[in-house]
Amino acid sequence: MPLWGVPKSSHSRKKIARRLSRSQTECIPVEIVDRFSDGETRTGLVLALGEDWILLQSIRDAGFYDGYAILRRKDIRRVRLRDTFVPYLREHREWPPPLPAGEINLASAATILADVARIASVFIFAEERRRPGAVWLGTPVEWDARAMWIVMINPDCTWEDGAREALFTNLTQVEFGDDYSRAVHAVAGPMPAWGSEPSEDPASE
Amino acid sequence: MGEVAIAACHVPLWGVKNTQQKPSKISRRLEQSWREAVPVRIQHEGAPGEPLDGIVLDVSAEWTLIARLRDGAYLDGYSAIRTADISAVRPDDRFLPFLKAQRNWPPARPTHPIDLGSAQGVVRGALDNAPVLGFYRSTAPSGGFWIARGIAVVEPHWWYLTISPEGTWDEGDERARIDEVSRVDFLTDYISVLQESAGSPPEDSVMVTRPAGAAR
């Protein structure tokens, strides 16, 4: 669709930091290219900046809010400030966009996932260094210092049996409150009852 | 351990294989989508690698009209594509329960009927429904997509005024052969944002349609 997202060389870390910060303080949407996206841009507005992670209001089709995204700063290659559709957003949407229903501590993957799990009944996450282009959708049931056990919803919108381990260190992206996960969750229905007994080896298959 | 299995992964929509199905299979699946309102993913040459999701509303040998779905689960305007450009059709009923629970289900046909017999019929019909269209041209390098207001259709050409990606009216109308149009989108969310951002078109770009050879 957009003709303006041609991949180019990376912006400097300084420029990226400056633009992300302006997006947040001046309410200017940004187009972000990360190192996994093959030049495809993601549009959003920066709502919070952590040292290693950022929280974005996702914007689709130039003028519609579509949930929230949390990205790793070190994966961001290019940032472009783009105020083109701010007048449209001001007129047609809540502006500036509302913050998520609860606070999200962007300190680490562990704090992010714990907070997102409190706010959203399901979320999307990606481990792009391991699996570029793939995302998973689910809800966490247990966690420890280094990992979370997540019950997944399959692409056919059914809950998977058992939970799978997701290491915090592998996390590159989280999304929640978006239209896709809302539809998948609606079709899958509530998560089947999850036993309180510790799962021995839930990820084995 | 520590490996999230690939089995449960949600691959983005464009991750599907680009295969060529038999014409009989394609037409059977298009017809099933049309009859039973089954969502389908359509691979087409107009924009390879970027399949369309939707429900078939009408099919002719020349053009196919689709009620578009975004994220597989939300109605989002219409697309008309050349039937011959379709290389594969796959039913995707995952979100049917969700779609059926929406007020706008099943998808309505466009208010004004569209003649799917030719590019002329499609462009005229789409303009009857919406003043601003998105379209691809078969002669342009792939990825060439414009959003424009139709100004006049005088076969074999049409005149239009484009809206830039910055949401502003470009200067000066353009003329193109109407049979170069390979896909038409209308009433989608993206087009509505661009149209609204651009505001009223310049005064001299009022839509005029007249049959070939007719006097003004």
# chains A, B, ... in the order shown; residues from 1 in each chain; ligands from 1
$ residues_around --residues "stretch 144-151 of chain A" --least-positions-apart "2" --cutoff "8 Å" --atoms "only C-alpha atoms" --output "PDB file with N, CA, C and O atoms, in the first residue's frame"
ATOM      1  N   ALA A 110      10.249  -8.943  31.710  1.00  0.00           N
ATOM      2  CA  ALA A 110       9.473  -9.572  32.784  1.00  0.00           C
ATOM      3  C   ALA A 110       8.426  -8.616  33.349  1.00  0.00           C
ATOM      4  O   ALA A 110       7.267  -8.989  33.549  1.00  0.00           O
ATOM      5  N   GLY A 138      -1.666 -15.454  23.363  1.00  0.00           N
ATOM      6  CA  GLY A 138      -2.049 -16.311  24.473  1.00  0.00           C
ATOM      7  C   GLY A 138      -2.172 -15.556  25.768  1.00  0.00           C
ATOM      8  O   GLY A 138      -2.161 -14.323  25.804  1.00  0.00           O
ATOM      9  N   THR A 139      -2.279 -16.327  26.835  1.00  0.00           N
ATOM     10  CA  THR A 139      -2.422 -15.751  28.159  1.00  0.00           C
ATOM     11  C   THR A 139      -1.508 -16.519  29.123  1.00  0.00           C
ATOM     12  O   THR A 139      -1.422 -17.740  29.058  1.00  0.00           O
ATOM     13  N   PRO A 140      -0.777 -15.806  29.975  1.00  0.00           N
ATOM     14  CA  PRO A 140       0.179 -16.494  30.845  1.00  0.00           C
ATOM     15  C   PRO A 140      -0.505 -17.135  32.041  1.00  0.00           C
ATOM     16  O   PRO A 140      -1.496 -16.613  32.551  1.00  0.00           O
ATOM     17  N   VAL A 141       0.012 -18.271  32.473  1.00  0.00           N
ATOM     18  CA  VAL A 141      -0.563 -18.950  33.630  1.00  0.00           C
ATOM     19  C   VAL A 141       0.429 -19.079  34.783  1.00  0.00           C
ATOM     20  O   VAL A 141       0.042 -19.216  35.930  1.00  0.00           O
ATOM     21  N   GLU A 142       1.696 -19.064  34.450  1.00  0.00           N
ATOM     22  CA  GLU A 142       2.702 -19.160  35.508  1.00  0.00           C
ATOM     23  C   GLU A 142       3.942 -18.432  35.054  1.00  0.00           C
ATOM     24  O   GLU A 142       4.178 -18.337  33.845  1.00  0.00           O
ATOM     25  N   ILE A 153      -3.443 -19.505  21.973  1.00  0.00           N
ATOM     26  CA  ILE A 153      -4.581 -19.725  21.074  1.00  0.00           C
ATOM     27  C   ILE A 153      -3.992 -19.992  19.698  1.00  0.00           C
ATOM     28  O   ILE A 153      -3.172 -19.227  19.191  1.00  0.00           O
ATOM     29  N   TRP A 159      -8.055 -22.909  21.787  1.00  0.00           N
ATOM     30  CA  TRP A 159      -7.017 -22.911  22.828  1.00  0.00           C
ATOM     31  C   TRP A 159      -6.191 -24.169  22.704  1.00  0.00           C
ATOM     32  O   TRP A 159      -6.730 -25.262  22.489  1.00  0.00           O
ATOM     33  N   GLU A 160      -4.900 -24.023  22.861  1.00  0.00           N
ATOM     34  CA  GLU A 160      -4.023 -25.182  22.848  1.00  0.00           C
ATOM     35  C   GLU A 160      -4.083 -25.890  24.180  1.00  0.00           C
ATOM     36  O   GLU A 160      -4.320 -25.255  25.207  1.00  0.00           O
ATOM     37  N   ASP A 161      -3.828 -27.195  24.165  1.00  0.00           N
ATOM     38  CA  ASP A 161      -3.727 -27.925  25.431  1.00  0.00           C
ATOM     39  C   ASP A 161      -2.385 -27.610  26.055  1.00  0.00           C
ATOM     40  O   ASP A 161      -1.365 -27.653  25.382  1.00  0.00           O
ATOM     41  N   GLY A 162      -2.379 -27.318  27.331  1.00  0.00           N
ATOM     42  CA  GLY A 162      -1.109 -27.110  28.024  1.00  0.00           C
ATOM     43  C   GLY A 162      -0.509 -25.750  27.746  1.00  0.00           C
ATOM     44  O   GLY A 162      -0.976 -25.015  26.880  1.00  0.00           O
ATOM     45  N   ALA A 163       0.522 -25.448  28.502  1.00  0.00           N
ATOM     46  CA  ALA A 163       1.185 -24.156  28.359  1.00  0.00           C
ATOM     47  C   ALA A 163       2.569 -24.352  27.762  1.00  0.00           C
ATOM     48  O   ALA A 163       3.145 -25.426  27.853  1.00  0.00           O
ATOM     49  N   ARG A 164       3.069 -23.300  27.130  1.00  0.00           N
ATOM     50  CA  ARG A 164       4.414 -23.354  26.568  1.00  0.00           C
ATOM     51  C   ARG A 164       5.287 -22.325  27.259  1.00  0.00           C
ATOM     52  O   ARG A 164       4.836 -21.248  27.593  1.00  0.00           O
ATOM     53  N   GLU A 165       6.540 -22.691  27.385  1.00  0.00           N
ATOM     54  CA  GLU A 165       7.471 -21.795  28.052  1.00  0.00           C
ATOM     55  C   GLU A 165       7.971 -20.737  27.069  1.00  0.00           C
ATOM     56  O   GLU A 165       8.358 -21.053  25.947  1.00  0.00           O
ATOM     57  N   ALA A 166       7.942 -19.490  27.488  1.00  0.00           N
ATOM     58  CA  ALA A 166       8.504 -18.404  26.683  1.00  0.00           C
ATOM     59  C   ALA A 166       9.531 -17.672  27.537  1.00  0.00           C
ATOM     60  O   ALA A 166       9.190 -17.094  28.564  1.00  0.00           O
ATOM     61  N   LEU A 167      10.788 -17.715  27.106  1.00  0.00           N
ATOM     62  CA  LEU A 167      11.857 -17.063  27.869  1.00  0.00           C
ATOM     63  C   LEU A 167      11.786 -15.553  27.686  1.00  0.00           C
ATOM     64  O   LEU A 167      11.630 -15.067  26.572  1.00  0.00           O
ATOM     65  N   PHE A 168      11.928 -14.827  28.790  1.00  0.00           N
ATOM     66  CA  PHE A 168      11.903 -13.363  28.702  1.00  0.00           C
ATOM     67  C   PHE A 168      12.988 -12.842  27.759  1.00  0.00           C
ATOM     68  O   PHE A 168      12.803 -11.877  27.039  1.00  0.00           O
ATOM     69  N   THR A 169      14.115 -13.509  27.769  1.00  0.00           N
ATOM     70  CA  THR A 169      15.243 -13.021  26.977  1.00  0.00           C
ATOM     71  C   THR A 169      14.970 -13.073  25.466  1.00  0.00           C
ATOM     72  O   THR A 169      15.597 -12.353  24.691  1.00  0.00           O
TER      73      THR A 169
ATOM     74  N   GLY B   2      12.367 -23.800  26.438  1.00  0.00           N
ATOM     75  CA  GLY B   2      12.593 -22.411  26.078  1.00  0.00           C
ATOM     76  C   GLY B   2      12.240 -22.122  24.632  1.00  0.00           C
ATOM     77  O   GLY B   2      12.433 -21.028  24.154  1.00  0.00           O
TER      78      GLY B   2
END
$ residues_around --residues "stretch 9-25 of chain A" --least-positions-apart "6" --cutoff "8 Å" --atoms "only C-alpha atoms" --output "list in words"
Leu45, Val46, Leu47, Ala48, Leu49, Ile76, Arg77, Arg78, Val79, Arg80 and Leu81 of chain A
$ select_by_dssp --residues "chain A" --states "helix (DSSP H, G or I)" --output "ChimeraX atom specification"
/A:13-26,73-75,86-92,109-119,168-170,179-188
$ residues_around --residues "A:Asp179" --least-positions-apart "4" --cutoff "9 Å" --atoms "only C-alpha atoms" --output "ChimeraX atom specification"
/A:66-67,183-184 /B:71,73-74
$ write_last_selection --atoms "all heavy atoms" --output "compact mmCIF listing (two decimals), in the first residue's frame"
# COMPACT_ATOMS: atom_id res chain seq x y z
N ASP A 66 -5.50 0.97 16.97
CA ASP A 66 -5.60 -0.49 16.93
C ASP A 66 -4.75 -1.09 18.04
O ASP A 66 -3.81 -1.84 17.78
CB ASP A 66 -5.18 -0.99 15.54
CG ASP A 66 -5.52 -2.47 15.35
OD1 ASP A 66 -6.30 -3.02 16.16
OD2 ASP A 66 -4.99 -3.06 14.40
N GLY A 67 -5.08 -0.76 19.26
CA GLY A 67 -4.39 -1.36 20.39
C GLY A 67 -3.02 -0.76 20.64
O GLY A 67 -2.69 0.31 20.14
N ALA A 183 -10.55 -10.43 17.99
CA ALA A 183 -11.35 -11.37 17.20
C ALA A 183 -10.97 -12.81 17.52
O ALA A 183 -11.83 -13.68 17.70
CB ALA A 183 -11.18 -11.08 15.71
N VAL A 184 -9.66 -13.07 17.60
CA VAL A 184 -9.21 -14.45 17.89
C VAL A 184 -9.73 -14.88 19.27
O VAL A 184 -10.25 -15.98 19.44
CB VAL A 184 -7.66 -14.53 17.84
CG1 VAL A 184 -7.18 -15.88 18.36
CG2 VAL A 184 -7.15 -14.29 16.43
N ASP B 71 -7.70 -8.04 8.96
CA ASP B 71 -7.41 -8.94 10.08
C ASP B 71 -8.29 -10.18 10.03
O ASP B 71 -8.53 -10.82 11.05
CB ASP B 71 -7.63 -8.23 11.43
CG ASP B 71 -6.58 -7.17 11.69
OD1 ASP B 71 -5.46 -7.31 11.17
OD2 ASP B 71 -6.89 -6.18 12.40
N ALA B 73 -11.28 -10.52 10.04
CA ALA B 73 -12.46 -10.56 10.90
C ALA B 73 -13.31 -9.28 10.91
O ALA B 73 -14.32 -9.23 11.61
CB ALA B 73 -12.02 -10.85 12.34
N TYR B 74 -12.89 -8.27 10.13
CA TYR B 74 -13.65 -7.01 10.17
C TYR B 74 -13.92 -6.54 8.73
O TYR B 74 -12.98 -6.46 7.92
CB TYR B 74 -12.84 -5.92 10.89
CG TYR B 74 -12.50 -6.27 12.32
CD1 TYR B 74 -11.38 -7.03 12.61
CD2 TYR B 74 -13.32 -5.86 13.37
CE1 TYR B 74 -11.06 -7.37 13.91
CE2 TYR B 74 -13.00 -6.19 14.68
CZ TYR B 74 -11.88 -6.95 14.94
OH TYR B 74 -11.57 -7.28 16.24
$ closest_residue --among "A:Trp53, A:Trp143, A:Phe176, A:Phe85" --to "chain B" --atoms "only C-alpha atoms"
A:Phe85
$ select_by_dssp --residues "stretch 5-144 of chain B" --states "strand (DSSP E)" --output "number ranges by chain"
B: 40-44, 52-59, 63-70, 74-82, 86-91, 132-137
$ closest_residue --among "B:Arg70, B:His44, B:Arg137, B:Arg35" --to "chain A" --atoms "only C-alpha atoms"
B:Arg70
$ residues_around --residues "A:Leu55" --least-positions-apart "2" --cutoff "10 Å" --atoms "only C-alpha atoms" --output "number ranges by chain"
A: 24, 44-50, 53, 57-58, 68-72, 99-100, 104-106, 112, 174-175
$ residues_around --residues "B:Glu62" --least-positions-apart "2" --cutoff "10 Å" --atoms "only C-alpha atoms" --output "list in words"
Val59, Ser60, Thr64, Ile81, Arg82, Thr83, Ala84, Asp85, Leu116, Gly117, Ser118 and Ala119 of chain B
$ write_last_selection --atoms "all heavy atoms" --output "mmCIF file, in the first residue's frame"
data_model
loop_
_atom_site.group_PDB
_atom_site.id
_atom_site.type_symbol
_atom_site.label_atom_id
_atom_site.label_comp_id
_atom_site.auth_asym_id
_atom_site.auth_seq_id
_atom_site.Cartn_x
_atom_site.Cartn_y
_atom_site.Cartn_z
ATOM 1 N N VAL B 59 -19.500 -12.634 -9.128
ATOM 2 C CA VAL B 59 -18.408 -13.077 -10.008
ATOM 3 C C VAL B 59 -18.881 -13.041 -11.445
ATOM 4 O O VAL B 59 -20.001 -13.445 -11.743
ATOM 5 C CB VAL B 59 -18.006 -14.553 -9.747
ATOM 6 C CG1 VAL B 59 -16.651 -14.850 -10.385
ATOM 7 C CG2 VAL B 59 -17.989 -14.898 -8.290
ATOM 8 N N SER B 60 -18.037 -12.532 -12.326
ATOM 9 C CA SER B 60 -18.267 -12.727 -13.751
ATOM 10 C C SER B 60 -16.977 -13.295 -14.322
ATOM 11 O O SER B 60 -15.975 -13.392 -13.614
ATOM 12 C CB SER B 60 -18.617 -11.399 -14.437
ATOM 13 O OG SER B 60 -17.442 -10.671 -14.728
ATOM 14 N N THR B 64 -14.393 -9.860 -10.405
ATOM 15 C CA THR B 64 -14.954 -10.431 -9.175
ATOM 16 C C THR B 64 -15.048 -9.315 -8.130
ATOM 17 O O THR B 64 -14.104 -8.554 -7.950
ATOM 18 C CB THR B 64 -14.030 -11.560 -8.651
ATOM 19 O OG1 THR B 64 -13.990 -12.595 -9.638
ATOM 20 C CG2 THR B 64 -14.548 -12.132 -7.346
ATOM 21 N N ILE B 81 -11.559 -7.160 -8.496
ATOM 22 C CA ILE B 81 -10.322 -7.585 -9.151
ATOM 23 C C ILE B 81 -10.661 -8.374 -10.403
ATOM 24 O O ILE B 81 -11.782 -8.883 -10.546
ATOM 25 C CB ILE B 81 -9.435 -8.453 -8.219
ATOM 26 C CG1 ILE B 81 -10.200 -9.683 -7.723
ATOM 27 C CG2 ILE B 81 -8.919 -7.634 -7.056
ATOM 28 C CD1 ILE B 81 -9.335 -10.609 -6.872
ATOM 29 N N ARG B 82 -9.695 -8.435 -11.314
ATOM 30 C CA ARG B 82 -9.914 -9.213 -12.536
ATOM 31 C C ARG B 82 -9.938 -10.697 -12.199
ATOM 32 O O ARG B 82 -9.015 -11.212 -11.563
ATOM 33 C CB ARG B 82 -8.783 -8.953 -13.517
ATOM 34 C CG ARG B 82 -8.787 -7.600 -14.137
ATOM 35 C CD ARG B 82 -7.502 -7.472 -14.925
ATOM 36 N NE ARG B 82 -7.475 -6.246 -15.694
ATOM 37 C CZ ARG B 82 -6.374 -5.798 -16.284
ATOM 38 N NH1 ARG B 82 -5.251 -6.473 -16.186
ATOM 39 N NH2 ARG B 82 -6.416 -4.680 -16.968
ATOM 40 N N THR B 83 -10.969 -11.360 -12.655
ATOM 41 C CA THR B 83 -11.113 -12.784 -12.342
ATOM 42 C C THR B 83 -9.916 -13.577 -12.869
ATOM 43 O O THR B 83 -9.416 -14.487 -12.202
ATOM 44 C CB THR B 83 -12.433 -13.315 -12.923
ATOM 45 O OG1 THR B 83 -13.497 -12.480 -12.449
ATOM 46 C CG2 THR B 83 -12.694 -14.747 -12.504
ATOM 47 N N ALA B 84 -9.413 -13.198 -14.042
ATOM 48 C CA ALA B 84 -8.290 -13.942 -14.630
ATOM 49 C C ALA B 84 -7.002 -13.763 -13.836
ATOM 50 O O ALA B 84 -6.071 -14.551 -13.972
ATOM 51 C CB ALA B 84 -8.072 -13.497 -16.075
ATOM 52 N N ASP B 85 -6.939 -12.720 -13.007
ATOM 53 C CA ASP B 85 -5.729 -12.493 -12.200
ATOM 54 C C ASP B 85 -5.682 -13.373 -10.962
ATOM 55 O O ASP B 85 -4.665 -13.422 -10.263
ATOM 56 C CB ASP B 85 -5.664 -11.026 -11.719
ATOM 57 C CG ASP B 85 -5.275 -10.068 -12.833
ATOM 58 O OD1 ASP B 85 -4.825 -10.549 -13.887
ATOM 59 O OD2 ASP B 85 -5.424 -8.846 -12.637
ATOM 60 N N LEU B 116 -19.951 -5.999 -13.740
ATOM 61 C CA LEU B 116 -18.643 -6.653 -13.679
ATOM 62 C C LEU B 116 -18.171 -7.151 -15.040
ATOM 63 O O LEU B 116 -17.223 -7.923 -15.143
ATOM 64 C CB LEU B 116 -18.682 -7.822 -12.694
ATOM 65 C CG LEU B 116 -18.910 -7.458 -11.224
ATOM 66 C CD1 LEU B 116 -18.967 -8.714 -10.365
ATOM 67 C CD2 LEU B 116 -17.811 -6.529 -10.707
ATOM 68 N N GLY B 117 -18.830 -6.703 -16.101
ATOM 69 C CA GLY B 117 -18.487 -7.187 -17.437
ATOM 70 C C GLY B 117 -17.216 -6.581 -18.006
ATOM 71 O O GLY B 117 -16.618 -7.136 -18.918
ATOM 72 N N SER B 118 -16.805 -5.441 -17.481
ATOM 73 C CA SER B 118 -15.634 -4.772 -18.060
ATOM 74 C C SER B 118 -15.043 -3.810 -17.036
ATOM 75 O O SER B 118 -15.695 -3.450 -16.052
ATOM 76 C CB SER B 118 -16.044 -3.970 -19.298
ATOM 77 O OG SER B 118 -16.899 -2.908 -18.900
ATOM 78 N N ALA B 119 -13.807 -3.365 -17.298
ATOM 79 C CA ALA B 119 -13.183 -2.359 -16.436
ATOM 80 C C ALA B 119 -14.019 -1.084 -16.415
ATOM 81 O O ALA B 119 -14.161 -0.437 -15.379
ATOM 82 C CB ALA B 119 -11.759 -2.060 -16.907
#
$ closest_residue --among "B:Glu31, B:Asp179, B:Glu171, B:Asp76" --to "chain A" --atoms "only C-alpha atoms"
B:Asp76
